[in-house]
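Have a look at entry-v6.txt; it's compact mmCIF, C-alpha atoms (C1' of nucleotides):
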```
# COMPACT_ATOMS: atom_id res chain seq x y z
CA MET A 246 76.55 37.50 22.40
CA ARG A 247 77.54 34.59 24.60
CA PRO A 248 76.60 31.03 23.74
CA ILE A 249 72.90 30.49 24.27
CA TYR A 250 72.92 26.73 24.62
CA GLN A 251 75.31 24.78 26.82
CA HIS A 252 75.15 21.70 28.97
CA PRO A 253 77.45 19.28 30.81
CA TRP A 254 79.04 16.44 28.84
CA ASN A 255 80.02 14.15 31.67
CA VAL A 256 76.54 12.77 32.14
CA SER A 257 74.78 9.42 32.33
CA LEU A 258 73.25 7.82 29.25
CA SER A 259 69.75 8.71 30.41
CA ASP A 260 70.75 12.30 31.13
CA ALA A 261 72.28 12.52 27.68
CA VAL A 262 68.98 11.53 26.15
CA ALA A 263 67.16 14.07 28.32
CA ILE A 264 69.54 16.78 27.16
CA GLN A 265 68.98 15.84 23.53
CA ARG A 266 65.22 15.99 23.87
CA ARG A 267 65.46 19.38 25.51
CA LEU A 268 67.72 20.79 22.79
CA ALA A 269 65.92 19.19 19.85
CA CYS A 270 63.08 21.70 19.70
CA HIS A 271 65.55 24.53 19.13
CA ILE A 272 67.12 23.15 15.95
CA GLU A 273 66.28 25.24 12.88
CA TRP A 274 65.58 23.38 9.64
CA ASP A 275 65.43 26.38 7.34
CA ASN A 276 68.35 28.03 5.61
CA ARG A 277 69.82 30.80 7.65
CA PHE A 278 73.07 31.65 5.97
CA SER A 279 74.01 33.97 3.15
CA GLN A 280 77.36 34.06 1.39
CA ILE A 281 79.44 30.91 1.71
CA ASP A 282 83.14 31.79 1.68
CA THR A 283 84.37 28.77 3.61
CA ILE A 284 83.11 25.28 4.28
CA ALA A 285 84.66 22.81 6.71
CA GLY A 286 84.77 19.09 7.28
CA VAL A 287 85.22 17.49 10.68
CA ASP A 288 86.17 13.95 11.58
CA VAL A 289 87.40 11.95 14.55
CA CYS A 290 89.47 8.78 14.81
CA ILE A 291 90.04 6.71 17.93
CA ARG A 292 93.24 4.95 18.97
CA ASN A 293 93.72 3.27 22.32
CA ASP A 294 90.77 5.11 23.84
CA LYS A 295 92.07 8.46 22.71
CA LEU A 296 90.04 10.67 20.42
CA HIS A 297 91.75 12.65 17.67
CA ALA A 298 89.66 15.35 16.03
CA ALA A 299 90.55 17.22 12.88
CA VAL A 300 88.84 20.09 11.13
CA VAL A 301 89.72 21.26 7.64
CA VAL A 302 88.43 24.60 6.39
CA LEU A 303 88.25 25.02 2.64
CA LYS A 304 87.59 28.11 0.60
CA PHE A 305 84.33 27.65 -1.25
CA PRO A 306 83.71 26.73 -4.01
CA VAL A 307 87.34 26.27 -5.02
CA LEU A 308 87.90 23.85 -2.13
CA GLN A 309 91.36 25.11 -1.35
CA CYS A 310 92.48 24.56 2.22
CA VAL A 311 92.74 27.77 4.22
CA GLU A 312 93.09 26.45 7.75
CA THR A 313 93.19 23.27 9.82
CA ALA A 314 93.05 22.46 13.52
CA LEU A 315 93.60 19.39 15.67
CA ALA A 316 92.63 18.34 19.18
CA GLU A 317 92.93 15.18 21.20
CA GLN A 318 91.39 13.91 24.39
CA PRO A 319 90.82 10.61 26.23
CA ALA A 320 87.60 8.85 25.27
CA THR A 321 85.25 8.77 28.23
CA PHE A 322 81.66 8.59 27.04
CA PRO A 323 80.93 5.23 25.36
CA TYR A 324 79.72 4.85 21.80
CA ARG A 325 75.97 4.42 21.66
CA PRO A 326 73.97 4.73 18.45
CA GLY A 327 72.07 7.98 18.84
CA LEU A 328 74.46 9.52 21.35
CA LEU A 329 77.50 10.07 19.14
CA ALA A 330 77.60 13.77 20.02
CA PHE A 331 78.35 12.92 23.64
CA ARG A 332 81.32 10.81 22.62
CA GLU A 333 82.84 12.94 19.87
CA GLY A 334 81.33 16.36 20.54
CA PRO A 335 83.76 17.65 23.19
CA VAL A 336 86.95 16.95 21.24
CA ILE A 337 85.41 18.38 18.07
CA LEU A 338 84.46 21.61 19.84
CA LYS A 339 87.99 21.73 21.23
CA ALA A 340 89.42 21.60 17.71
CA LEU A 341 86.94 24.11 16.31
CA LYS A 342 87.81 26.63 19.03
CA LYS A 343 91.38 26.68 17.78
CA LEU A 344 90.31 28.10 14.42
CA LYS A 345 91.00 31.76 13.79
CA ARG A 346 87.60 32.02 12.16
CA LEU A 347 84.72 29.57 12.22
CA PRO A 348 83.63 28.29 8.78
CA ASP A 349 80.35 29.42 7.24
CA ILE A 350 79.18 25.82 6.93
CA THR A 351 80.48 22.74 8.75
CA ILE A 352 79.96 19.17 7.57
CA PHE A 353 80.06 16.31 10.07
CA ASP A 354 80.75 12.61 9.59
CA GLY A 355 77.44 11.51 11.08
CA HIS A 356 73.74 12.31 10.86
CA GLY A 357 71.83 15.48 11.45
CA ARG A 358 68.06 15.32 11.40
CA ALA A 359 67.97 11.63 10.41
CA HIS A 360 68.17 10.65 14.06
CA PRO A 361 65.66 9.15 16.54
CA TYR A 362 65.08 12.55 18.17
CA GLN A 363 66.04 14.58 15.11
CA ILE A 364 69.21 15.76 16.79
CA GLY A 365 72.18 13.92 15.39
CA ILE A 366 75.69 15.21 16.00
CA ALA A 367 75.45 17.79 13.21
CA CYS A 368 72.29 19.35 14.70
CA HIS A 369 73.59 19.16 18.25
CA LEU A 370 76.92 20.86 17.58
CA GLY A 371 75.39 23.31 15.14
CA LEU A 372 73.05 24.49 17.89
CA LEU A 373 75.84 24.79 20.46
CA LEU A 374 78.03 26.62 17.97
CA ASN A 375 75.11 28.68 16.71
CA ARG A 376 76.30 27.96 13.15
CA PRO A 377 74.96 26.25 10.00
CA THR A 378 75.86 22.54 9.83
CA ILE A 379 75.24 19.46 7.69
CA GLY A 380 75.18 15.77 8.54
CA CYS A 381 76.86 13.38 6.10
CA ALA A 382 76.99 9.76 7.28
CA LYS A 383 78.17 6.55 5.68
CA LYS A 384 75.43 4.36 7.11
CA ARG A 385 71.76 4.71 7.99
CA LEU A 386 70.77 5.23 11.60
CA TRP A 387 67.10 6.15 11.49
CA GLY A 388 64.25 6.17 8.98
CA GLN A 389 63.49 4.17 5.85
CA PHE A 390 64.93 4.57 2.37
CA GLU A 391 65.17 2.83 -0.97
CA GLU A 392 68.47 2.35 -2.72
CA PRO A 393 68.94 5.38 -5.02
CA GLY A 394 69.83 5.09 -8.73
CA ASN A 395 73.43 4.27 -9.55
CA GLN A 396 74.33 7.54 -11.24
CA LYS A 397 76.11 10.36 -9.45
CA GLY A 398 73.56 12.88 -8.23
CA GLN A 399 70.70 10.40 -7.92
CA TYR A 400 69.06 10.17 -4.55
CA SER A 401 66.11 8.84 -2.59
CA PRO A 402 64.44 10.25 0.52
CA ILE A 403 64.95 8.95 4.04
CA THR A 404 61.57 9.07 5.75
CA ASP A 405 60.16 8.71 9.22
CA LYS A 406 56.39 8.29 9.28
CA LYS A 407 55.94 10.09 5.95
CA THR A 408 58.22 12.94 6.96
CA ILE A 409 61.37 13.39 4.89
CA ILE A 410 64.28 13.62 7.30
CA GLY A 411 67.19 13.16 4.93
CA ALA A 412 68.37 11.57 1.69
CA ALA A 413 70.54 8.73 0.46
CA LEU A 414 72.68 10.55 -2.09
CA ARG A 415 74.97 9.06 -4.72
CA THR A 416 78.06 11.24 -4.79
CA ARG A 417 79.88 8.94 -7.24
CA THR A 418 78.48 6.65 -9.93
CA ASN A 419 78.33 3.01 -8.84
CA VAL A 420 79.58 3.80 -5.36
CA LYS A 421 77.62 3.43 -2.15
CA PRO A 422 75.52 6.50 -1.34
CA VAL A 423 76.06 8.82 1.61
CA PHE A 424 73.27 9.75 3.99
CA VAL A 425 72.70 13.46 4.05
CA SER A 426 70.48 15.30 6.48
CA SER A 427 70.02 18.82 7.78
CA GLY A 428 72.17 19.88 10.67
CA HIS A 429 71.27 23.32 12.00
CA ARG A 430 70.12 26.17 9.77
CA VAL A 431 70.68 24.34 6.45
CA ASN A 432 67.72 22.69 4.73
CA LEU A 433 67.92 19.31 3.03
CA ALA A 434 68.08 20.61 -0.54
CA ALA A 435 70.93 22.98 0.28
CA SER A 436 72.69 20.26 2.27
CA MET A 437 72.56 17.87 -0.68
CA GLN A 438 73.76 20.51 -3.12
CA LEU A 439 76.67 21.48 -0.88
CA VAL A 440 77.70 17.88 -0.32
CA LEU A 441 77.77 17.34 -4.08
CA ASP A 442 79.64 20.60 -4.55
CA CYS A 443 82.26 19.32 -2.13
CA CYS A 444 82.91 16.03 -3.92
CA ARG A 445 86.10 15.99 -5.89
CA GLY A 446 87.22 12.50 -4.97
CA TYR A 447 85.95 9.31 -3.46
CA ARG A 448 82.50 9.23 -1.94
CA LEU A 449 82.58 11.63 0.96
CA PRO A 450 82.82 15.40 0.61
CA GLU A 451 86.37 16.60 0.14
CA THR A 452 86.07 18.47 3.42
CA ILE A 453 85.45 15.35 5.48
CA ARG A 454 87.98 13.31 3.52
CA GLN A 455 90.74 15.75 4.30
CA ALA A 456 89.71 15.97 7.94
CA HIS A 457 89.75 12.19 8.20
CA HIS A 458 93.20 12.03 6.65
CA LEU A 459 94.41 14.69 9.04
CA SER A 460 92.98 13.01 12.14
CA VAL A 461 94.57 9.70 11.19
CA THR A 462 97.87 11.38 10.48
CA SER A 463 97.82 13.17 13.81
CA PHE A 464 97.54 10.01 15.85
CA GLU A 465 100.24 8.30 13.80
CA ILE A 466 102.56 11.13 14.74
CA SER A 467 101.55 11.32 18.40
C1' DG B 96 62.24 -12.05 23.23
C1' DC B 97 64.12 -10.28 18.62
C1' DG B 98 66.15 -7.11 15.45
C1' DA B 99 68.53 -2.60 14.57
C1' DC B 100 72.17 0.01 15.72
C1' DA B 101 75.90 7.22 12.91
C1' DG B 102 81.19 6.60 14.68
C1' DA C 105 85.62 3.71 15.09
C1' DT C 106 89.44 -0.27 15.00
C1' DC C 107 91.31 -5.00 14.01
C1' DT C 108 92.66 -7.62 9.85
C1' DT C 109 93.52 -11.77 4.87
C1' DG C 110 92.04 -12.81 1.28
C1' DT C 111 89.09 -11.76 -2.42
C1' DC C 112 85.36 -9.88 -5.72
C1' DG C 113 84.56 -6.55 -9.50
C1' DC C 114 85.93 -3.36 -13.12
```
Please render this file's structure as structure tokens.
Amino acid sequence: MRPIYQHPWNVSLSDAVAIQRRLACHIEWDNRFSQIDTIAGVDVCIRNDKLHAAVVVLKFPVLQCVETALAEQPATFPYRPGLLAFREGPVILKALKKLKRLPDITIFDGHGRAHPYQIGIACHLGLLLNRPTIGCAKKRLWGQFEEPGNQKGQYSPITDKKTIIGAALRTRTNVKPVFVSSGHRVNLAASMQLVLDCCRGYRLPETIRQAHHLSVTSFEIS
DNA sequence: GCGACAG
DNA sequence: ATCTTGTCGC
């Protein structure tokens, strides 16, 4: 089956918003995955207007690396809060296409549902890839939340007009929380559990940490 | 007009 | 995200 959703990337800011609003109603918030054999982390770094994307696929739940992929591309679309997918999406898809096998779950360094139109980069790319995804950001973009308790595992909801759109989750005791939200086909509870399952180190899931390291390393070499 | 604002 | 020195907390 060919990709169902596709759209141009070289668009104006207003067109980008229009595309988001059109795609948003197709995002699925319920779990639609079964066995999880692999889970991946994706991240992008920018040097001299060049984007470097890295994806690290880990066997789950042992978190052993089974495959990685890199891609680079000039940065064209500007950074605008809410439109991150249009800036980083293309180079990320380029890296993901190099994988022998797409991961069962993919975690992004950015939001999912906790976005003004409920279509953060994790939702957007999950829909285009037709795969389950999770958003895991370092800072809030949309919605209100209270600081969660200081112990690892404690969390508080991120809400938008009484609707829970994500959670501020403490992945390490006494360390700033991460902001987790559903991407595509993974509900909030499962997203939070998986993010915690992927934490073996600092405060981001091991998957994203490794991808970040890899993306930084790649531009240092290039 | 002012404040907020993923990466 | 990137740039970039000293500095606060455990």
Can you check which residues of chain A have any atom within 10 Å of chain C? Use all atoms listed in the file and format it as a PDB file with C-alpha atoms, in the frame of the given file.
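Ended up saving to selection.pdb:
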```pdb
ATOM      1  CA  VAL A 289      87.400  11.950  14.550  1.00  0.00           C
ATOM      2  CA  CYS A 290      89.470   8.780  14.810  1.00  0.00           C
ATOM      3  CA  ILE A 291      90.040   6.710  17.930  1.00  0.00           C
ATOM      4  CA  ARG A 292      93.240   4.950  18.970  1.00  0.00           C
ATOM      5  CA  ASN A 293      93.720   3.270  22.320  1.00  0.00           C
ATOM      6  CA  LEU A 296      90.040  10.670  20.420  1.00  0.00           C
ATOM      7  CA  TYR A 324      79.720   4.850  21.800  1.00  0.00           C
TER       8      TYR A 324
END
```
- So how many Å separate CA of Gln318 (chain A) and CA of Ser426 (chain A), to one decimal?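 CA of Ser426 (chain A) lies at a distance of 27.6 Å from CA of Gln318 (chain A).
Atom pair CA of Phe278 (chain A) / CA of Arg430 (chain A) has a distance of 7.3 Å (rounded to one decimal).
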- Residues near region 99-102 of chain B, cut-off 10 Å, only C-alpha atoms (C1' of nucleotides), skip fewer than 6 positions along chain, as a PyMOL selection string: (chain A and resi 288-291+324-330+332-333+354-357+359-360+365-366+380-387+424) or (chain C and resi 105)
What would the list of residues within 9 Å of (75.7, 22.6, 10.7) (file frame) look like as a PDB file with C-alpha atoms, in the coordinates of the input, if all atoms listed in the file are what count?
```pdb
ATOM      1  CA  ASP A 349      80.350  29.420   7.240  1.00  0.00           C
ATOM      2  CA  ILE A 350      79.180  25.820   6.930  1.00  0.00           C
ATOM      3  CA  THR A 351      80.480  22.740   8.750  1.00  0.00           C
ATOM      4  CA  ILE A 352      79.960  19.170   7.570  1.00  0.00           C
ATOM      5  CA  PHE A 353      80.060  16.310  10.070  1.00  0.00           C
ATOM      6  CA  GLY A 357      71.830  15.480  11.450  1.00  0.00           C
ATOM      7  CA  ALA A 367      75.450  17.790  13.210  1.00  0.00           C
ATOM      8  CA  CYS A 368      72.290  19.350  14.700  1.00  0.00           C
ATOM      9  CA  HIS A 369      73.590  19.160  18.250  1.00  0.00           C
ATOM     10  CA  LEU A 370      76.920  20.860  17.580  1.00  0.00           C
ATOM     11  CA  GLY A 371      75.390  23.310  15.140  1.00  0.00           C
ATOM     12  CA  LEU A 372      73.050  24.490  17.890  1.00  0.00           C
ATOM     13  CA  LEU A 374      78.030  26.620  17.970  1.00  0.00           C
ATOM     14  CA  ASN A 375      75.110  28.680  16.710  1.00  0.00           C
ATOM     15  CA  ARG A 376      76.300  27.960  13.150  1.00  0.00           C
ATOM     16  CA  PRO A 377      74.960  26.250  10.000  1.00  0.00           C
ATOM     17  CA  THR A 378      75.860  22.540   9.830  1.00  0.00           C
ATOM     18  CA  ILE A 379      75.240  19.460   7.690  1.00  0.00           C
ATOM     19  CA  GLY A 380      75.180  15.770   8.540  1.00  0.00           C
ATOM     20  CA  SER A 427      70.020  18.820   7.780  1.00  0.00           C
ATOM     21  CA  GLY A 428      72.170  19.880  10.670  1.00  0.00           C
ATOM     22  CA  HIS A 429      71.270  23.320  12.000  1.00  0.00           C
ATOM     23  CA  ARG A 430      70.120  26.170   9.770  1.00  0.00           C
ATOM     24  CA  VAL A 431      70.680  24.340   6.450  1.00  0.00           C
TER      25      VAL A 431
END
```
- Message: When you look at Lys397 (chain A) with a cut-off of 7 Å (counting all atoms listed in the file), what residues show up, excluding the ones that are within fewer than 6 positions of it in the same chain? I need them as a list in words.
- Response: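 Skipping anything fewer than 6 positions along the chain leaves Arg415, Thr416, Arg417 and Thr418 of chain A.
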Store the residues picked out above in a file with C-alpha atoms, as a tab-separated table (two decimals), in the frame of the given file.
```
chain	number	residue	atom	x	y	z
A	415	ARG	CA	74.97	9.06	-4.72
A	416	THR	CA	78.06	11.24	-4.79
A	417	ARG	CA	79.88	8.94	-7.24
A	418	THR	CA	78.48	6.65	-9.93
```
- Using all atoms listed in the file: which of A:Ile364, A:Leu433, A:Pro450, A:Phe464 has the shortest distance to chain B: A:Ile364
Kindly output region 375-401 of chain A as a PDB file, in the frame of the given file, after building N, CA, C and O atoms.
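Saved the output as rebuild_23.pdb:
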```pdb
ATOM      1  N   ASN A 375      75.965  27.642  17.296  1.00  0.00           N
ATOM      2  CA  ASN A 375      75.110  28.680  16.710  1.00  0.00           C
ATOM      3  C   ASN A 375      75.540  28.932  15.261  1.00  0.00           C
ATOM      4  O   ASN A 375      75.601  30.078  14.810  1.00  0.00           O
ATOM      5  N   ARG A 376      75.846  27.835  14.542  1.00  0.00           N
ATOM      6  CA  ARG A 376      76.300  27.960  13.150  1.00  0.00           C
ATOM      7  C   ARG A 376      75.595  26.929  12.262  1.00  0.00           C
ATOM      8  O   ARG A 376      75.121  25.903  12.751  1.00  0.00           O
ATOM      9  N   PRO A 377      75.578  27.186  10.955  1.00  0.00           N
ATOM     10  CA  PRO A 377      74.960  26.250  10.000  1.00  0.00           C
ATOM     11  C   PRO A 377      75.797  24.972   9.885  1.00  0.00           C
ATOM     12  O   PRO A 377      77.031  25.036   9.761  1.00  0.00           O
ATOM     13  N   THR A 378      75.146  23.824   9.931  1.00  0.00           N
ATOM     14  CA  THR A 378      75.860  22.540   9.830  1.00  0.00           C
ATOM     15  C   THR A 378      75.091  21.536   8.968  1.00  0.00           C
ATOM     16  O   THR A 378      73.891  21.673   8.749  1.00  0.00           O
ATOM     17  N   ILE A 379      75.825  20.514   8.520  1.00  0.00           N
ATOM     18  CA  ILE A 379      75.240  19.460   7.690  1.00  0.00           C
ATOM     19  C   ILE A 379      75.704  18.098   8.194  1.00  0.00           C
ATOM     20  O   ILE A 379      76.852  17.950   8.610  1.00  0.00           O
ATOM     21  N   GLY A 380      74.813  17.128   8.138  1.00  0.00           N
ATOM     22  CA  GLY A 380      75.180  15.770   8.540  1.00  0.00           C
ATOM     23  C   GLY A 380      75.428  14.949   7.286  1.00  0.00           C
ATOM     24  O   GLY A 380      74.623  14.981   6.355  1.00  0.00           O
ATOM     25  N   CYS A 381      76.521  14.215   7.260  1.00  0.00           N
ATOM     26  CA  CYS A 381      76.860  13.380   6.100  1.00  0.00           C
ATOM     27  C   CYS A 381      77.434  12.061   6.621  1.00  0.00           C
ATOM     28  O   CYS A 381      78.610  11.978   6.965  1.00  0.00           O
ATOM     29  N   ALA A 382      76.567  11.038   6.706  1.00  0.00           N
ATOM     30  CA  ALA A 382      76.990   9.760   7.280  1.00  0.00           C
ATOM     31  C   ALA A 382      77.193   8.680   6.219  1.00  0.00           C
ATOM     32  O   ALA A 382      76.710   8.800   5.095  1.00  0.00           O
ATOM     33  N   LYS A 383      77.897   7.653   6.595  1.00  0.00           N
ATOM     34  CA  LYS A 383      78.170   6.550   5.680  1.00  0.00           C
ATOM     35  C   LYS A 383      77.141   5.427   5.795  1.00  0.00           C
ATOM     36  O   LYS A 383      77.023   4.587   4.904  1.00  0.00           O
ATOM     37  N   LYS A 384      76.440   5.408   6.907  1.00  0.00           N
ATOM     38  CA  LYS A 384      75.430   4.360   7.110  1.00  0.00           C
ATOM     39  C   LYS A 384      74.150   4.945   7.706  1.00  0.00           C
ATOM     40  O   LYS A 384      74.179   5.964   8.379  1.00  0.00           O
ATOM     41  N   ARG A 385      73.041   4.271   7.462  1.00  0.00           N
ATOM     42  CA  ARG A 385      71.760   4.710   7.990  1.00  0.00           C
ATOM     43  C   ARG A 385      71.668   4.489   9.498  1.00  0.00           C
ATOM     44  O   ARG A 385      72.217   3.521  10.028  1.00  0.00           O
ATOM     45  N   LEU A 386      70.999   5.389  10.153  1.00  0.00           N
ATOM     46  CA  LEU A 386      70.770   5.230  11.600  1.00  0.00           C
ATOM     47  C   LEU A 386      69.280   5.164  11.863  1.00  0.00           C
ATOM     48  O   LEU A 386      68.814   4.349  12.647  1.00  0.00           O
ATOM     49  N   TRP A 387      68.519   6.030  11.187  1.00  0.00           N
ATOM     50  CA  TRP A 387      67.100   6.150  11.490  1.00  0.00           C
ATOM     51  C   TRP A 387      66.310   6.423  10.201  1.00  0.00           C
ATOM     52  O   TRP A 387      66.818   7.089   9.292  1.00  0.00           O
ATOM     53  N   GLY A 388      65.103   5.900  10.134  1.00  0.00           N
ATOM     54  CA  GLY A 388      64.250   6.170   8.980  1.00  0.00           C
ATOM     55  C   GLY A 388      64.374   5.086   7.919  1.00  0.00           C
ATOM     56  O   GLY A 388      65.232   4.203   8.015  1.00  0.00           O
ATOM     57  N   GLN A 389      63.478   5.157   6.927  1.00  0.00           N
ATOM     58  CA  GLN A 389      63.490   4.170   5.850  1.00  0.00           C
ATOM     59  C   GLN A 389      63.905   4.835   4.533  1.00  0.00           C
ATOM     60  O   GLN A 389      63.630   6.008   4.317  1.00  0.00           O
ATOM     61  N   PHE A 390      64.534   4.039   3.684  1.00  0.00           N
ATOM     62  CA  PHE A 390      64.930   4.570   2.370  1.00  0.00           C
ATOM     63  C   PHE A 390      65.068   3.433   1.378  1.00  0.00           C
ATOM     64  O   PHE A 390      65.226   2.269   1.755  1.00  0.00           O
ATOM     65  N   GLU A 391      64.976   3.793   0.111  1.00  0.00           N
ATOM     66  CA  GLU A 391      65.170   2.830  -0.970  1.00  0.00           C
ATOM     67  C   GLU A 391      66.526   3.146  -1.563  1.00  0.00           C
ATOM     68  O   GLU A 391      66.963   4.301  -1.555  1.00  0.00           O
ATOM     69  N   GLU A 392      67.168   2.135  -2.102  1.00  0.00           N
ATOM     70  CA  GLU A 392      68.470   2.350  -2.720  1.00  0.00           C
ATOM     71  C   GLU A 392      68.300   3.322  -3.899  1.00  0.00           C
ATOM     72  O   GLU A 392      67.456   3.105  -4.768  1.00  0.00           O
ATOM     73  N   PRO A 393      69.071   4.411  -3.923  1.00  0.00           N
ATOM     74  CA  PRO A 393      68.940   5.380  -5.020  1.00  0.00           C
ATOM     75  C   PRO A 393      69.562   4.842  -6.309  1.00  0.00           C
ATOM     76  O   PRO A 393      70.281   3.845  -6.283  1.00  0.00           O
ATOM     77  N   GLY A 394      69.268   5.495  -7.446  1.00  0.00           N
ATOM     78  CA  GLY A 394      69.830   5.090  -8.730  1.00  0.00           C
ATOM     79  C   GLY A 394      71.343   5.106  -8.655  1.00  0.00           C
ATOM     80  O   GLY A 394      71.922   5.740  -7.776  1.00  0.00           O
ATOM     81  N   ASN A 395      71.966   4.404  -9.593  1.00  0.00           N
ATOM     82  CA  ASN A 395      73.430   4.270  -9.550  1.00  0.00           C
ATOM     83  C   ASN A 395      74.244   5.448 -10.077  1.00  0.00           C
ATOM     84  O   ASN A 395      75.462   5.425  -9.982  1.00  0.00           O
ATOM     85  N   GLN A 396      73.564   6.426 -10.675  1.00  0.00           N
ATOM     86  CA  GLN A 396      74.330   7.540 -11.240  1.00  0.00           C
ATOM     87  C   GLN A 396      74.598   8.642 -10.213  1.00  0.00           C
ATOM     88  O   GLN A 396      73.762   8.917  -9.346  1.00  0.00           O
ATOM     89  N   LYS A 397      75.746   9.258 -10.333  1.00  0.00           N
ATOM     90  CA  LYS A 397      76.110  10.360  -9.450  1.00  0.00           C
ATOM     91  C   LYS A 397      75.004  11.410  -9.467  1.00  0.00           C
ATOM     92  O   LYS A 397      74.528  11.794 -10.533  1.00  0.00           O
ATOM     93  N   GLY A 398      74.604  11.862  -8.315  1.00  0.00           N
ATOM     94  CA  GLY A 398      73.560  12.880  -8.230  1.00  0.00           C
ATOM     95  C   GLY A 398      72.190  12.302  -7.928  1.00  0.00           C
ATOM     96  O   GLY A 398      71.305  13.017  -7.455  1.00  0.00           O
ATOM     97  N   GLN A 399      71.999  11.013  -8.183  1.00  0.00           N
ATOM     98  CA  GLN A 399      70.700  10.400  -7.920  1.00  0.00           C
ATOM     99  C   GLN A 399      70.531  10.190  -6.419  1.00  0.00           C
ATOM    100  O   GLN A 399      71.509   9.968  -5.696  1.00  0.00           O
ATOM    101  N   TYR A 400      69.303  10.287  -5.993  1.00  0.00           N
ATOM    102  CA  TYR A 400      69.060  10.170  -4.550  1.00  0.00           C
ATOM    103  C   TYR A 400      67.656   9.655  -4.268  1.00  0.00           C
ATOM    104  O   TYR A 400      66.803   9.601  -5.157  1.00  0.00           O
ATOM    105  N   SER A 401      67.433   9.279  -3.029  1.00  0.00           N
ATOM    106  CA  SER A 401      66.110   8.840  -2.590  1.00  0.00           C
ATOM    107  C   SER A 401      65.929   9.361  -1.165  1.00  0.00           C
ATOM    108  O   SER A 401      66.906   9.505  -0.427  1.00  0.00           O
TER     109      SER A 401
END
```
